[in-house]
Amino acid sequence: MVIGFTMVNVVRGAEYEVWQELVKISGVASVVHVFGEFDYIIIIEVNELSELNHAVDLIRLIQGVTTTHTFVEHKLAFMK
């Protein structure tokens, strides 16, 4: 399993419309609204890295999304 964490910024006032589209994307496990540098943290759980790339591409196409930053989980040997 590949887990990605995508930080998303949106146009002010478009939070609800963007959220409606985010939750429709295959692989999106959670959409969390946060205060700070980003507006949303999206947790994406998929089987392959290519599926994560596809999900992030779809996020970037949503009207109102201005920027994304994605981090991919990396489990160290001692993490089970």
# chains A, B, ... in the order shown; residues from 1 in each chain; ligands from 1
>>> select_by_dssp(residues="chain A", states="alpha helix (DSSP H)", output="ChimeraX atom specification")
/A:15-22,49-61
>>> residues_around(residues="region 46-49 of chain A", least_positions_apart="4", cutoff="9 Å", atoms="only C-alpha atoms", output="PyMOL selection string")
chain A and resi 1-4+26-28+53-54+72
>>> residues_around(residues="region 20-25 of chain A", least_positions_apart="5", cutoff="12 Å", atoms="only C-alpha atoms", output="ChimeraX atom specification")
/A:6,8,10,14-15,30-33,40-46,51-52,54-65
